[in-house]
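Everything below belongs to start.cif, which stores mmCIF, C-alpha atoms and all ligand atoms.
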```
data_entry
#
loop_
_atom_site.label_atom_id
_atom_site.label_comp_id
_atom_site.auth_asym_id
_atom_site.auth_seq_id
_atom_site.Cartn_x
_atom_site.Cartn_y
_atom_site.Cartn_z
CA MET A 299 0.00 0.00 0.00
CA ARG A 300 2.77 2.38 0.93
CA THR A 301 4.67 1.65 -2.24
CA ASN A 302 1.54 2.38 -4.25
CA LEU A 303 0.97 5.66 -2.48
CA SER A 304 4.61 6.62 -2.99
CA SER A 305 4.64 5.80 -6.67
CA ILE A 306 1.35 7.60 -7.27
CA ALA A 307 2.68 10.63 -5.42
CA ALA A 308 5.93 10.44 -7.37
CA ARG A 309 4.09 10.28 -10.68
CA GLN A 310 2.05 13.30 -9.69
CA ASN A 311 5.10 15.11 -8.32
CA VAL A 312 3.40 15.35 -4.96
CA LEU A 313 5.49 14.94 -1.86
CA PRO A 314 4.23 11.88 0.01
CA LEU A 315 3.37 12.41 3.65
CA HIS A 316 6.76 11.07 4.67
CA PRO A 317 5.64 7.43 4.91
CA GLN A 318 9.23 6.22 4.99
CA ARG A 319 10.09 8.51 7.86
CA ALA A 320 7.24 6.98 9.81
CA GLN A 321 8.38 3.47 8.95
CA ALA A 322 11.68 3.86 10.72
CA THR A 323 9.88 4.26 14.04
CA GLU A 324 7.19 1.67 13.33
CA LEU A 325 9.29 -1.45 13.93
CA SER A 326 7.87 -3.79 16.51
CA PRO A 327 10.13 -4.43 19.54
CA ALA A 328 10.97 -7.88 18.13
CA ALA A 329 11.82 -6.45 14.69
CA ALA A 330 13.88 -3.67 16.25
CA ALA A 331 15.79 -6.24 18.33
CA HIS A 332 16.41 -8.26 15.16
CA GLN A 333 17.73 -5.16 13.34
CA ALA A 334 20.00 -4.36 16.26
CA LEU A 335 21.35 -7.91 16.20
CA LEU A 336 22.04 -7.71 12.44
CA HIS A 337 23.79 -4.36 12.86
CA ARG A 338 25.95 -5.76 15.66
CA ARG A 339 26.76 -8.98 13.83
CA TYR A 340 27.45 -7.65 10.35
CA GLY A 341 27.94 -3.94 10.86
CA LYS A 342 25.94 -1.23 9.13
CA ASP A 343 28.55 -0.84 6.39
CA ALA A 344 28.20 -4.45 5.31
CA ILE A 345 24.41 -4.21 5.35
CA TYR A 346 24.46 -0.98 3.32
CA GLU A 347 26.81 -2.53 0.76
CA ALA A 348 24.84 -5.75 0.46
CA THR A 349 21.53 -3.88 0.14
CA LEU A 350 22.87 -1.65 -2.64
CA HIS A 351 24.15 -4.66 -4.58
CA ARG A 352 20.85 -6.44 -4.10
CA TYR A 353 18.56 -3.59 -5.14
CA LEU A 354 20.75 -2.14 -7.88
CA ALA A 355 21.64 -5.56 -9.30
CA GLY A 356 22.26 -5.41 -13.03
CA ARG A 357 24.38 -2.31 -12.84
CA PRO A 358 28.15 -2.53 -13.17
CA LYS A 359 29.72 -3.43 -9.80
CA ARG A 360 32.05 -0.46 -10.15
CA GLU A 361 29.14 1.92 -10.46
CA ILE A 362 27.60 0.61 -7.23
CA ASP A 363 30.90 0.47 -5.35
CA PHE A 364 31.49 4.15 -6.16
CA PHE A 365 28.83 5.02 -3.59
CA ILE A 366 30.29 2.81 -0.86
CA ASN A 367 32.89 5.30 0.26
CA PRO A 368 32.59 7.64 3.26
CA ARG A 369 35.31 9.88 1.81
CA ARG A 370 32.89 11.12 -0.86
CA PHE A 371 31.45 13.52 1.70
CA ASP A 372 34.75 14.82 3.14
CA LEU A 373 34.67 17.89 0.91
CA MET A 374 31.05 18.65 1.78
CA HIS A 375 31.89 18.36 5.46
CA SER A 376 34.93 20.57 5.16
CA VAL A 377 32.86 23.26 3.42
CA ILE A 378 29.49 23.13 5.24
CA GLY A 379 30.14 20.74 8.15
CA ASP A 380 29.04 23.34 10.71
CA ARG A 381 25.74 23.78 8.92
CA LEU A 382 25.11 20.05 8.80
CA ALA A 383 25.67 19.86 12.56
CA GLN A 384 22.99 22.45 13.34
CA ARG A 385 19.63 21.39 14.76
CA PRO A 386 16.88 21.77 13.88
CA LEU A 387 17.92 21.20 10.30
CA ARG A 388 15.85 20.90 7.13
CA VAL A 389 17.73 19.33 4.22
CA LEU A 390 16.83 18.94 0.56
CA ASN A 391 18.93 16.25 -1.13
CA ALA A 392 18.43 16.64 -4.89
CA GLY A 393 19.62 13.72 -7.04
CA SER A 394 20.07 11.67 -3.89
CA GLY A 395 21.29 8.51 -5.62
CA PRO A 396 21.38 5.45 -3.34
CA PHE A 397 21.20 7.49 -0.12
CA ALA A 398 24.94 7.56 0.56
CA LEU A 399 24.54 10.97 2.20
CA GLU A 400 21.80 9.62 4.45
CA PHE A 401 24.10 6.72 5.31
CA TYR A 402 27.46 8.43 5.80
CA ALA A 403 26.68 11.98 6.92
CA ALA A 404 25.86 12.63 10.56
CA LEU A 405 22.36 13.91 9.89
CA HIS A 406 20.52 12.27 12.79
CA ASP A 407 17.37 14.18 13.76
CA ALA A 408 17.51 16.27 10.60
CA THR A 409 14.39 16.46 8.43
CA ILE A 410 15.44 15.28 4.98
CA ASP A 411 13.55 15.39 1.70
CA SER A 412 15.33 13.49 -1.05
CA PHE A 413 14.52 12.92 -4.68
CA ASP A 414 16.07 11.37 -7.74
CA ILE A 415 15.04 10.56 -11.28
CA ASP A 416 15.91 6.89 -10.77
CA GLU A 417 12.83 4.72 -10.06
CA GLN A 418 14.98 1.79 -8.94
CA LEU A 419 15.74 3.76 -5.80
CA VAL A 420 12.17 3.44 -4.47
CA ALA A 421 12.62 -0.18 -3.38
CA LEU A 422 16.16 0.50 -2.16
CA HIS A 423 14.93 3.39 -0.07
CA LYS A 424 12.21 1.26 1.46
CA SER A 425 14.64 -1.51 2.36
CA LEU A 426 17.29 0.79 3.83
CA THR A 427 14.65 2.62 5.84
CA ILE A 428 12.93 -0.47 7.22
CA ARG A 429 16.29 -1.88 8.26
CA ASN A 430 17.11 1.43 9.92
CA VAL A 431 20.36 1.63 7.95
CA ILE A 432 20.05 5.25 6.80
CA THR A 433 18.91 8.43 8.47
CA PRO A 434 15.17 8.51 7.76
CA CYS A 435 14.29 10.65 4.76
CA ALA A 436 11.26 11.17 2.57
CA PHE A 437 11.94 10.07 -1.00
CA ARG A 438 10.21 10.67 -4.30
CA VAL A 439 11.07 10.03 -7.92
CA MET A 440 11.49 13.26 -9.83
CA ASP A 441 13.59 15.00 -12.46
CA VAL A 442 15.50 18.06 -11.21
CA ALA A 443 14.01 19.92 -14.16
CA SER A 444 10.48 19.38 -12.72
CA TYR A 445 11.36 20.28 -9.16
CA GLU A 446 9.29 23.06 -7.64
CA PRO A 447 9.90 23.97 -4.02
CA HIS A 448 6.86 23.89 -1.76
CA GLU A 449 8.89 24.60 1.33
CA VAL A 450 12.31 25.97 2.21
CA TYR A 451 15.38 24.28 3.63
CA ASP A 452 18.37 25.25 5.73
CA VAL A 453 20.63 23.22 3.45
CA VAL A 454 20.01 22.42 -0.21
CA LEU A 455 22.41 19.80 -1.57
CA VAL A 456 23.00 18.89 -5.19
CA ASN A 457 25.99 16.60 -4.84
CA ASP A 458 27.57 14.90 -7.86
CA VAL A 459 24.60 15.67 -10.10
CA PHE A 460 25.67 18.55 -12.32
CA TYR A 461 28.19 16.29 -14.09
CA SER A 462 25.34 14.82 -16.07
CA LYS A 463 25.00 16.04 -19.64
CA HIS A 464 21.24 15.82 -19.08
CA VAL A 465 21.17 18.34 -16.25
CA ASP A 466 21.80 22.01 -16.95
CA LEU A 467 22.83 23.95 -13.85
CA PHE A 468 21.82 27.30 -15.33
CA ALA A 469 18.31 26.01 -16.10
CA VAL A 470 17.62 24.88 -12.53
CA ILE A 471 19.76 27.03 -10.27
CA ALA A 472 17.08 29.67 -9.66
CA THR A 473 14.63 26.98 -8.55
CA PHE A 474 17.09 25.50 -6.09
CA ALA A 475 17.99 28.98 -4.89
CA SER A 476 14.33 29.63 -4.08
CA ALA A 477 14.29 26.47 -1.93
CA VAL A 478 16.94 27.91 0.40
CA ALA A 479 15.58 29.46 3.61
CA PRO A 480 16.86 32.91 4.58
CA GLY A 481 20.27 32.33 6.16
CA GLY A 482 20.44 28.88 4.57
CA VAL A 483 23.03 27.44 2.22
CA LEU A 484 23.05 26.00 -1.28
CA TYR A 485 25.80 23.43 -1.84
CA PHE A 486 26.71 21.75 -5.13
CA ASP A 487 29.73 20.63 -7.05
CA ILE A 488 30.67 21.03 -10.72
CA GLN A 489 33.47 20.22 -13.08
CA ASP A 490 35.67 23.08 -14.16
CA GLN A 491 35.73 23.83 -17.88
CA ARG A 492 39.43 24.78 -17.67
CA ALA A 493 40.41 21.28 -16.52
CA GLY A 494 38.60 19.65 -19.47
CA PRO A 495 41.58 19.40 -21.86
CA ILE A 496 43.84 17.83 -19.20
CA TRP A 497 41.22 15.33 -18.11
CA ARG A 498 40.50 14.43 -21.72
CA LEU A 499 44.24 13.94 -22.22
CA LEU A 500 44.16 11.52 -19.29
CA GLY A 501 41.29 9.72 -21.01
CA LYS A 502 38.68 10.78 -18.42
CA GLY A 503 35.43 12.66 -18.35
CA ASN A 504 34.45 13.02 -21.99
CA ALA A 505 30.84 12.23 -21.30
CA THR A 506 30.35 14.78 -18.57
CA ARG A 507 29.34 18.45 -18.45
CA ARG A 508 31.71 21.22 -17.46
CA TYR A 509 31.12 24.80 -16.38
CA ASP A 510 32.80 28.16 -16.37
CA LEU A 511 33.28 28.79 -12.64
CA SER A 512 33.02 32.56 -12.94
CA ALA A 513 29.72 32.26 -14.85
CA VAL A 514 28.37 30.02 -12.08
CA ARG A 515 29.48 32.49 -9.43
CA ALA A 516 27.84 35.33 -11.36
CA ALA A 517 24.59 33.37 -11.63
CA LEU A 518 24.53 32.85 -7.85
CA GLU A 519 25.26 36.51 -7.17
CA ALA A 520 22.55 37.57 -9.60
CA LEU A 521 20.13 35.52 -7.47
CA GLY A 522 21.18 37.50 -4.40
CA PHE A 523 23.44 34.78 -2.98
CA LYS A 524 26.82 35.30 -1.38
CA VAL A 525 29.37 32.75 -2.53
CA GLU A 526 31.04 31.60 0.69
CA ALA A 527 33.31 28.91 -0.74
CA VAL A 528 34.59 27.53 -4.02
CA ALA A 529 36.67 24.56 -2.86
CA PRO A 530 38.64 22.14 -5.06
CA ALA A 531 37.97 18.42 -4.77
CA LEU A 532 41.24 16.60 -4.36
CA GLY A 533 40.06 13.02 -4.67
CA ILE A 534 37.93 10.56 -2.77
CA LYS A 535 40.22 7.57 -2.84
CA GLY A 536 42.14 8.50 0.28
CA GLY A 537 45.63 8.34 -1.19
CA GLY A 538 47.53 6.68 -4.02
CA VAL A 539 48.47 8.02 -7.43
CA ASP A 540 45.08 9.66 -7.95
CA ALA A 541 45.39 11.80 -4.81
CA VAL A 542 49.03 12.71 -5.50
CA ALA A 543 48.26 13.75 -9.09
CA ARG A 544 45.28 15.86 -8.01
CA ARG A 545 47.27 17.59 -5.28
CA PHE A 546 50.14 18.23 -7.66
CA LEU A 547 47.85 19.76 -10.29
CA TRP A 548 46.16 21.96 -7.70
CA ARG A 549 49.27 23.09 -5.80
CA TRP A 550 51.53 23.68 -8.79
CA LEU A 551 49.18 24.53 -11.65
CA GLY A 552 46.07 25.71 -9.79
CA ILE A 553 43.98 23.14 -11.66
CA ALA A 554 41.31 20.91 -10.15
CA ASN A 555 38.77 18.82 -11.98
CA ASN A 556 35.84 19.68 -9.76
CA PHE A 557 34.87 22.33 -7.27
CA ALA A 558 32.31 22.54 -4.52
CA PHE A 559 30.28 25.74 -4.23
CA ALA A 560 28.62 26.92 -1.04
CA ALA A 561 26.44 30.01 -1.28
CA THR A 562 24.23 31.62 1.32
CA ARG A 563 21.24 33.89 1.04
C1 LIG A 601 26.69 10.38 -9.07
S1 LIG A 601 25.08 10.21 -8.45
C2 LIG A 601 25.14 11.19 -6.98
C3 LIG A 601 24.13 10.75 -5.96
C4 LIG A 601 24.17 11.52 -4.64
N1 LIG A 601 23.90 12.92 -4.81
C5 LIG A 601 25.48 11.32 -3.94
O1 LIG A 601 26.26 12.26 -3.87
O2 LIG A 601 25.73 10.19 -3.48
C6 LIG A 601 24.11 11.19 -9.54
C7 LIG A 601 22.62 11.02 -9.28
O3 LIG A 601 21.93 12.03 -10.00
C8 LIG A 601 20.72 11.47 -10.45
N2 LIG A 601 20.22 12.27 -11.57
C9 LIG A 601 20.77 12.41 -12.80
N3 LIG A 601 20.00 13.18 -13.56
C10 LIG A 601 18.95 13.55 -12.80
C11 LIG A 601 17.82 14.35 -13.03
N4 LIG A 601 17.61 14.92 -14.21
N5 LIG A 601 16.93 14.53 -12.03
C12 LIG A 601 17.13 13.95 -10.82
N6 LIG A 601 18.20 13.17 -10.54
C13 LIG A 601 19.09 12.97 -11.52
C14 LIG A 601 21.11 10.08 -10.87
O4 LIG A 601 20.00 9.23 -10.98
C15 LIG A 601 22.06 9.70 -9.76
O5 LIG A 601 21.39 9.04 -8.72
#
```
Just give me the structure of the file as C-alpha cells.
Amino acid sequence: MRTNLSSIAARQNVLPLHPQRAQATELSPAAAAHQALLHRRYGKDAIYEATLHRYLAGRPKREIDFFINPRRFDLMHSVIGDRLAQRPLRVLNAGSGPFALEFYAALHDATIDSFDIDEQLVALHKSLTIRNVITPCAFRVMDVASYEPHEVYDVVLVNDVFYSKHVDLFAVIATFASAVAPGGVLYFDIQDQRAGPIWRLLGKGNATRRYDLSAVRAALEALGFKVEAVAPALGIKGGGVDAVARRFLWRWLGIANNFAFAATR
C-alpha cells in the first residue's frame, strides 16, 4: 500500500506524507531487536553494501561500489560541516542517488527530503529505511528539471549531479535557490571547464558536463546569494596516485577537476 501511495505521489510530483520517515519508528520491539542484532553482527557498512548490490543488481559493480565510500562527503563536510551539525535542520537532497549521504553523513534528527530521477531507488529506499540503515528521509522520484519547491530548507544539496550532460545547472539554479531558507546554504559541485583538456588527455570525463566557474558564481550573485566557498575536490580515494596527481595539479598549476560551491542567502 505504501509503495503504491509513494509511486502515485511520485508520478504526480506530490510529496508523500513522509511514509518512509514513519516506517523507521514503526518497527515492533521484536523487529527492532532483530535489526540491532544484524547491525551488531554484520555492521551497518556491510548491510548498506549488500543492500545496494541487491537492489541495484544489473548495474556494473564499479558503479555501485562508487557510492560505498565515506570519503565522498569529506569535501562537503569541510565546506558546510558546521551547517550540517545544526539542529533543527531541514535538508533537501536533490539527485540523492542510493542514499549515501543519508548513510554516511551525521544527519541524525535532521528532516530530509530526497529525490532522484531513478525509479529503482524506491525499493532500495524502502529496504534501507525499514532496516534502519540510513537516516530517515522522505523520497520521491522526480527530475530536477520538474522540481518546484513547496517549502524551504536550511541546506540544499546537489551533490555529484551537475556532471550529467542531461542536467543544466543554469536552467535549474534559480529553482534550487528559491528552496533555500533565509540564512540557509546551497551546496553543489561542478566540473571546471578549464580542466577539461587535461582530463580528456588523461582519457577521463568526456561524457560529462563542465562549467565556467566565474559564470556560475555570477549566476549565484545575480540571485542574491553570497558565494562563501569555491573549494577544489582533491580526490575521494584516500591516497595513491590519484590523490598525489590531483594535489600536484592543484598546488603547482592551480587546476582541479571539480569544485564545490557553497552560497548563502
Ligand atoms: C553520481 S550520483 C550522486 C548521488 C548523490 N547525490 C550522492 O552524492 O551520493 C548522480 C545522481 O543524480 C541522479 N540524476 C541524474 N540526472 C537527474 C535528473 N535529471 N533529475 C534527478 N536526478 C538525476 C542520478 O539518478 C544519480 O542518482
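Proximity ranking of A:Asn555, A:Gln489, A:Ser412, A:Ser512 relative to ligand LIG 601 (chain A) places A:Ser412 first, based on all atoms listed in the file.
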May I have a table of the residues of stretch 409-491 of chain A lying at most 8 Å from stretch 517-536 of chain A, giving each one's closest pair of atoms and their distance in Å to one decimal, counting all atoms listed in the file, ordered by chain and ascending residue number, as a Markdown table?
```
| residue | atom | partner | partner_atom | distance |
| --- | --- | --- | --- | --- |
| A:Phe468 | CA | A:Ala517 | CA | 7.6 |
| A:Ile471 | CA | A:Leu518 | CA | 7.9 |
| A:Ala472 | CA | A:Leu521 | CA | 7.0 |
| A:Ala475 | CA | A:Leu521 | CA | 7.3 |
```
Output C-alpha atoms of each residue in that selection to a file, as a PDB file, keeping the file's coordinate frame.
```pdb
ATOM      1  CA  PHE A 468      21.820  27.300 -15.330  1.00  0.00           C
ATOM      2  CA  ILE A 471      19.760  27.030 -10.270  1.00  0.00           C
ATOM      3  CA  ALA A 472      17.080  29.670  -9.660  1.00  0.00           C
ATOM      4  CA  ALA A 475      17.990  28.980  -4.890  1.00  0.00           C
TER       5      ALA A 475
END
```
Calculate, to one decimal in Å, the centre and edge lengths of the box along x, y and z of the file that holds all listed atoms of ligand LIG 601 (chain A) with 4 Å of margin on each side, and present them as AutoDock Vina command-line options.
```
--center_x 21.8 --center_y 12.0 --center_z -8.8 --size_x 17.8 --size_y 13.9 --size_z 18.7
```
Just want the residues within 6 Å of ligand LIG 601 (chain A), written as a VMD selection string, counting all atoms listed in the file. chain A and resid 393 to 395 398 to 399 414 to 416 440 to 442 457 to 459 465
Nearest residue to A:Ser326 from the set A:Val478, A:Leu500, A:Ser462, A:Arg429 (distances using all atoms listed in the file): A:Arg429
Between A:Val450, A:Leu422, A:Ile428, A:Val539, which one has atoms that come closest to A:Val389, using all atoms listed in the file?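 Nearest candidate to A:Val389 out of A:Val450, A:Leu422, A:Ile428, A:Val539: A:Val450.
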Here is a test: counting all atoms listed in the file, which residue of A:Ala334, A:Arg369, A:Lys359, A:Phe474 is nearest to A:Asn391? A:Phe474
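Using all atoms listed in the file, the residues found no farther than 8 Å from stretch 336-350 of chain A, other than those of its own chain fewer than 6 positions away, are Ile362, Asp363, Ile366, Pro396, Phe401, Leu422, Ser425, Leu426 and Val431 of chain A.
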Taking 3 positions as the minimum chain separation for residues in the same chain, which residues sit within 10 Å of A:Gly481 when counting only C-alpha atoms? Answer as number ranges by chain. A: 451-453, 478, 523, 561-563
Point-to-point distance in Å for atom CA of A:Ala404 and atom CA of A:Ala383: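 Atom CA of A:Ala404 lies at a distance of 7.5 Å from atom CA of A:Ala383.
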For the atom pair atom CA of A:Arg515 and atom CA of A:Phe557, what is the interatomic distance in Å to one decimal place?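 These atoms are spaced 11.7 Å apart.
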